[in-house]
Amino acid sequence: MESWVVSNVVVALIVVGVAGLAWFGLRDRMWSQALGELWCRRRYSVLVIAFYVAVALLDSISWVGGMEAQSDTVARYKAQSILDRLFADTRERSYSAPFADREFYGGAALQRPGSHVLGTDIIGRDVFYLSLKGARVALLIGGLTSLIAIPLALLFGVSAGYFGGRTDDLVFFVMSTLASMPGLLLLIALIMVMGKSTLAVCLALAVTSWVGFCRVSRGETLKLRELEYVCAARALGVSELRIIFRHVLPNLMHLVIITGVLMFSGLVLSEVVLSWLGIGVDGSWGQMIDQARNELSREPIIWWNISAAGSALFGVILAVNFVGDAVRDILDPQTLRQGE
Amino acid sequence: MLAYVIRRLAYGVVVVFGVLLFLFLLFFMMTNPDDVARKALGERVPPEVIEQWKVNHGYDKPLFPSSSNLTDNMLFEHYRRMLTFDFGRSDADDTLIMTRIREGMGPSLALTVPLFILSLGVAIPFALLVAFFRETYIDRTGVVLSVLAMSVSILLYIIGAQYLIGKLLRWFPISGFDFDPQLVVRFLALPLLVGVMSGIGGNVRFYRTVFLEESNRDYVRTARAKGCGEARLMSHHVFRNSLIPLLTQVVLAIPFLFTGSLLLESFFGIPGLGAITVDAINGNDFSTLRTMVYIGSLLFIIGQILTDLSYGLVDPRVRLE
């Protein structure tokens with residue numbers, strides 16, 4: 001099977017999974033109330049995030065063909081997403097300012113005058129298009145890393161808290177070892193050793209970010225283990241695994257949601273630093289900012305590149321931070337404050 | 001008390017051994033020394049040269065100890081060198097790592113110590129102010145501003161400050177460093193400004209939560225009932241008792257003053273430990289990188305032990321057992 005088919009299937013599975021979770025969540029009274037309150041408190045932030053997700057989805061569904069009219073011959077044989085198709089044939093030769101009809105240096109006429117809302121970059125790519133494409137990369141970094149880190153943290157945290165003894169000692173030792181290494185350096189060392197790729201970056205980010213949540217889930221499990229209904233279940237002879245899945249894990253779900261949202265902005269911001277070191281993910285806003293860095297020393301300066309990437313990044317991080325605060329206040333006003 | 005100190009120190013040593021094991025896994029088992037040698041010497045060197053380089057840098061031995069040789073292997077060598085602070089030579093340019101660390105320590109401290117004091121000096125008064133006016137518009141504006149400040153990437157702060165203040169307004173030099181007392185202030189102005197700005201959002205929010213938590217305690221209500229003024233309540237009751245959680249954060253941050261700041265140093269041309277690390281990353285210098293990770297973890301572990309011990313010293317309610 002071709003790789004673009006696989007990636008479409010993965011995207012479809014993720015959408016179905018999220019929709020399914022949302023459906024189950026809305027049937028539960030507690031979750032639907034929480035969602036309602038979130039909508040009341042942070043309507044605009046939620047809408048902004050929804051916009052970024054929609055753009056990312058437009059950029060995730062891709063197929064080959066249907067581009068025969070394009071002048072770019074490579075595009076005819078490569079899988080092109082819906083977003084790519086919307087911006088097909090917008091390539092110019094070099095820099096042009098927003099809404100300009102001439103090139104920025106030299107002043108040659110553009111192929112599509114006035115159509116580049118945010119101008120074009122050094123090799124003539126539309127900056128608006130590139131900024132939109134960054135949304136998918138950012139969501140990929142945040143999402144994939146959380147998908148690796150949170151289950152890992154839950155596995156170790158819950159087993160350490162629930163079983164105690166040797167397991168707890170071992171998990172605690174691994175946690176304190178990982179936590180004592182400087183985060184950014186460990187991240188860089190991991191990526192340098194694993195090689196540069198999106199998966200390597202996400203894995204490295206996961207390794208450096210699971211410890212915090214592991215500690216929280218271990219502490220919560222320690223508390224939950226002593227509660228009456230867990231005791232009752234044990235007295236009735238319910239198996240350990242069933243107690244964990246029926247009585248412990250559901251009571252950690254609110255922490256999972258909070259951590260996921262709060263982790264996201266930190267992850268995307270770390271990727272920007274990684275991009276500056278040359279080990280980021282291709283097509284991210286971090287790379288755009290890094291490439292645009294030197295353009296500020298040109299005379300007259302190229303300002304639209306860095307402002308576009310910077311604002312796109314700022315917008316999503318701000319929205320996620322606002323939503324994260326609200327989610328924490330709604331779902332759990334106490335537990336995570338202490339560890340902050 | 002003494003028993004606790006000894007146990008705490010012993011656990012610290014165990015964690016140091018764990019960190020070293022992790023570094024061994026990462027840098028000796030998952031990386032191929034031949035690749036490192038090729039990157040340092042160039043692609044087209046004869047195999048003998050690479051073998052010689054591996055001998056010089058200690059990559060030629062077997063990885064694990066066996067029953068016949070317990071000491072002549074990389075695992076033992078790695079532990080011996082790191083624990084005796086004999087870091088050897090850089091993989092990229094053969095300079096002694098220890099000399100570079102000694103040279104870089106000064107500039108790093110010249111940046112991080114003022115940055116640390118300034119950050120605290122700016123964030124704590126702000127947080128006190130916001131906590132004093134809790135549940136009012138001042139509080140809400142303060143929180144929104146901190147979230148705004150937190151949401152900007154540090155890279156944008158740096159680029160923005162260099163462009164606006166360094167290039168357009170020409171108030172301070174864009175980058176560079178000198179120990180001359182008159183010049184050092186001018187050179188450090190921009191990195192200090194950026195450092196304080198990028199941290200202020202998170203810090204104010206964190207300290208605010210600490211202060212608010214303290215001001216919900218019973219003794220605060222008692223003091224208020226007795227007629228204590230709000231300002232005095234804040235300064236004498238809330239602030240003093242919040243010093244205990246604040247101390248944890250502060251003591252834990254001190255070790256990292258020595259490792260410097262990766263971004264600030266390399267952007268502003270300060271030849272400190274952070275800049276050395278960035279050079280090591282860009283030059284595939286694995287031995288320097290693993291030394292920096294090791295030193296960072298060592299300092300963190302020491303800081304953690306100090307925090308735990310100082311907790312017992314400051315707060316008489318805490319018994320160290």
# chains A, B, ... in the order shown; residues from 1 in each chain; ligands from 1
call {"tool": "interface_residues", "arguments": {"of": "chain B", "to": "chain A", "cutoff": "9 Å", "atoms": "only C-alpha atoms", "output": "PyMOL selection string"}}
result
chain B and resi 14-19+22+26-27+30-31+144+147-148+150-156+159+163+167+206+209-210+256+262-263+277-278+281-282+284+286+289-290+292-301+304
call {"tool": "residues_around", "arguments": {"residues": "Ala189 (chain B)", "least_positions_apart": "6", "cutoff": "12 Å", "atoms": "only C-alpha atoms", "output": "MDAnalysis selection string"}}
result
chainID B and resid 110:111 114:115 118 161:162 165:166 171:177 182:183 195:196 264 268
call {"tool": "atom_distance", "arguments": {"atom1": "CA of Asp86 (chain B)", "atom2": "CA of Ser266 (chain B)"}}
result
26.0 Å
call {"tool": "residues_around", "arguments": {"residues": "region 216-227 of chain B", "least_positions_apart": "6", "cutoff": "9 Å", "atoms": "only C-alpha atoms", "output": "list in words"}}
result
Leu233, His237 and Val238 of chain B
call {"tool": "closest_residue", "arguments": {"among": "A:Leu199, A:Ala108, A:Leu152, A:Leu224", "to": "Pro250 (chain A)", "atoms": "only C-alpha atoms"}}
result
A:Leu224
call {"tool": "residues_around", "arguments": {"residues": "region 32-48 of chain B", "least_positions_apart": "3", "cutoff": "7 Å", "atoms": "only C-alpha atoms", "output": "list in words"}}
result
Glu51, Gln52, Trp53, Tyr59, Asp91 and Ala92 of chain B
call {"tool": "write_last_selection", "arguments": {"atoms": "C-alpha atoms", "output": "PDB file, in the first residue's frame"}}
result
ATOM      1  CA  GLU B  51      41.602   3.187  14.873  1.00  0.00           C
ATOM      2  CA  GLN B  52      44.248   5.535  16.274  1.00  0.00           C
ATOM      3  CA  TRP B  53      41.597   8.166  17.020  1.00  0.00           C
ATOM      4  CA  TYR B  59      36.587   4.121  22.329  1.00  0.00           C
ATOM      5  CA  ASP B  91      35.569  14.487  20.239  1.00  0.00           C
ATOM      6  CA  ALA B  92      35.569  17.409  17.837  1.00  0.00           C
TER       7      ALA B  92
END
call {"tool": "residues_around", "arguments": {"residues": "region 326-331 of chain A", "least_positions_apart": "3", "cutoff": "10 Å", "atoms": "only C-alpha atoms", "output": "PDB file with N, CA and C atoms, in the first residue's frame"}}
result
ATOM      1  N   MET A  30     -21.000  14.132  34.045  1.00  0.00           N
ATOM      2  CA  MET A  30     -19.896  14.941  34.542  1.00  0.00           C
ATOM      3  C   MET A  30     -19.092  15.573  33.397  1.00  0.00           C
ATOM      4  N   TRP A  31     -18.789  14.734  32.387  1.00  0.00           N
ATOM      5  CA  TRP A  31     -17.965  15.241  31.297  1.00  0.00           C
ATOM      6  C   TRP A  31     -18.711  16.271  30.461  1.00  0.00           C
ATOM      7  N   GLN A  33     -21.045  18.222  31.448  1.00  0.00           N
ATOM      8  CA  GLN A  33     -21.104  19.471  32.201  1.00  0.00           C
ATOM      9  C   GLN A  33     -19.794  20.223  32.105  1.00  0.00           C
ATOM     10  N   ALA A  34     -18.688  19.473  32.231  1.00  0.00           N
ATOM     11  CA  ALA A  34     -17.366  20.107  32.154  1.00  0.00           C
ATOM     12  C   ALA A  34     -17.174  20.772  30.804  1.00  0.00           C
ATOM     13  N   LEU A  35     -17.599  20.047  29.734  1.00  0.00           N
ATOM     14  CA  LEU A  35     -17.458  20.614  28.391  1.00  0.00           C
ATOM     15  C   LEU A  35     -18.287  21.883  28.250  1.00  0.00           C
ATOM     16  N   GLU A  37     -19.160  23.936  30.564  1.00  0.00           N
ATOM     17  CA  GLU A  37     -18.571  25.042  31.303  1.00  0.00           C
ATOM     18  C   GLU A  37     -17.354  25.598  30.564  1.00  0.00           C
ATOM     19  N   LEU A  38     -16.585  24.675  29.962  1.00  0.00           N
ATOM     20  CA  LEU A  38     -15.419  25.130  29.189  1.00  0.00           C
ATOM     21  C   LEU A  38     -15.876  26.051  28.062  1.00  0.00           C
ATOM     22  N   TRP A  39     -16.963  25.650  27.380  1.00  0.00           N
ATOM     23  CA  TRP A  39     -17.483  26.458  26.267  1.00  0.00           C
ATOM     24  C   TRP A  39     -17.921  27.831  26.769  1.00  0.00           C
ATOM     25  N   ARG A  41     -16.762  29.448  29.386  1.00  0.00           N
ATOM     26  CA  ARG A  41     -15.664  30.279  29.875  1.00  0.00           C
ATOM     27  C   ARG A  41     -14.680  30.683  28.787  1.00  0.00           C
ATOM     28  N   ARG A  42     -14.383  29.765  27.858  1.00  0.00           N
ATOM     29  CA  ARG A  42     -13.295  30.006  26.907  1.00  0.00           C
ATOM     30  C   ARG A  42     -13.755  29.776  25.471  1.00  0.00           C
ATOM     31  N   MET A 253      -8.730   9.900  34.868  1.00  0.00           N
ATOM     32  CA  MET A 253      -8.954  10.436  33.519  1.00  0.00           C
ATOM     33  C   MET A 253      -8.935  11.963  33.472  1.00  0.00           C
ATOM     34  N   HIS A 254      -9.471  12.608  34.529  1.00  0.00           N
ATOM     35  CA  HIS A 254      -9.470  14.068  34.493  1.00  0.00           C
ATOM     36  C   HIS A 254      -8.037  14.595  34.508  1.00  0.00           C
ATOM     37  N   LEU A 255      -7.158  13.904  35.245  1.00  0.00           N
ATOM     38  CA  LEU A 255      -5.755  14.337  35.263  1.00  0.00           C
ATOM     39  C   LEU A 255      -5.106  14.141  33.897  1.00  0.00           C
ATOM     40  N   ILE A 257      -6.583  14.389  30.978  1.00  0.00           N
ATOM     41  CA  ILE A 257      -7.026  15.485  30.107  1.00  0.00           C
ATOM     42  C   ILE A 257      -6.252  16.767  30.445  1.00  0.00           C
ATOM     43  N   ILE A 258      -6.172  17.087  31.738  1.00  0.00           N
ATOM     44  CA  ILE A 258      -5.497  18.322  32.131  1.00  0.00           C
ATOM     45  C   ILE A 258      -4.036  18.289  31.693  1.00  0.00           C
ATOM     46  N   THR A 259      -3.360  17.180  31.984  1.00  0.00           N
ATOM     47  CA  THR A 259      -1.940  17.097  31.624  1.00  0.00           C
ATOM     48  C   THR A 259      -1.744  17.204  30.125  1.00  0.00           C
ATOM     49  N   VAL A 261      -3.512  18.764  27.898  1.00  0.00           N
ATOM     50  CA  VAL A 261      -3.652  20.144  27.414  1.00  0.00           C
ATOM     51  C   VAL A 261      -2.475  20.996  27.880  1.00  0.00           C
ATOM     52  N   LEU A 262      -2.097  20.831  29.163  1.00  0.00           N
ATOM     53  CA  LEU A 262      -1.016  21.673  29.676  1.00  0.00           C
ATOM     54  C   LEU A 262       0.323  21.324  29.047  1.00  0.00           C
ATOM     55  N   VAL A 320      -4.303  27.500  23.703  1.00  0.00           N
ATOM     56  CA  VAL A 320      -4.169  26.264  24.473  1.00  0.00           C
ATOM     57  C   VAL A 320      -3.888  26.581  25.946  1.00  0.00           C
ATOM     58  N   ASN A 321      -3.077  27.608  26.211  1.00  0.00           N
ATOM     59  CA  ASN A 321      -2.808  27.970  27.602  1.00  0.00           C
ATOM     60  C   ASN A 321      -4.080  28.400  28.324  1.00  0.00           C
ATOM     61  N   PHE A 322      -4.898  29.221  27.634  1.00  0.00           N
ATOM     62  CA  PHE A 322      -6.159  29.665  28.253  1.00  0.00           C
ATOM     63  C   PHE A 322      -7.064  28.472  28.523  1.00  0.00           C
ATOM     64  N   VAL A 323      -7.210  27.607  27.501  1.00  0.00           N
ATOM     65  CA  VAL A 323      -8.068  26.435  27.679  1.00  0.00           C
ATOM     66  C   VAL A 323      -7.516  25.547  28.790  1.00  0.00           C
ATOM     67  N   GLN A 334      -7.371  21.299  42.767  1.00  0.00           N
ATOM     68  CA  GLN A 334      -6.349  21.102  43.801  1.00  0.00           C
ATOM     69  C   GLN A 334      -5.098  20.338  43.392  1.00  0.00           C
ATOM     70  N   THR A 335      -5.267  19.094  42.926  1.00  0.00           N
ATOM     71  CA  THR A 335      -4.138  18.173  42.862  1.00  0.00           C
ATOM     72  C   THR A 335      -2.910  18.721  42.155  1.00  0.00           C
ATOM     73  N   LEU A 336      -3.131  19.272  40.947  1.00  0.00           N
ATOM     74  CA  LEU A 336      -1.969  19.632  40.151  1.00  0.00           C
ATOM     75  C   LEU A 336      -1.332  20.927  40.608  1.00  0.00           C
ATOM     76  N   ARG A 337      -2.069  21.736  41.359  1.00  0.00           N
ATOM     77  CA  ARG A 337      -1.488  22.985  41.865  1.00  0.00           C
ATOM     78  C   ARG A 337      -0.263  22.697  42.718  1.00  0.00           C
TER      79      ARG A 337
END
call {"tool": "closest_residue", "arguments": {"among": "A:Ile123, A:Ala204, A:Leu222, A:Val48", "to": "Phe163 (chain A)", "atoms": "only C-alpha atoms"}}
result
A:Leu222
call {"tool": "closest_residue", "arguments": {"among": "B:His78, B:Arg7, B:Arg186, B:Arg170", "to": "His57 (chain B)", "atoms": "only C-alpha atoms"}}
result
B:His78
call {"tool": "closest_residue", "arguments": {"among": "A:Trp210, A:Ile244, A:Arg215, A:Met263", "to": "Gly143 (chain A)", "atoms": "only C-alpha atoms"}}
result
A:Met263
call {"tool": "select_by_dssp", "arguments": {"residues": "region 191-289 of chain A", "states": "alpha helix (DSSP H)", "output": "MDAnalysis selection string"}}
result
chainID A and resid 191:194 198:225 228:235 240:243 253:276 285:289
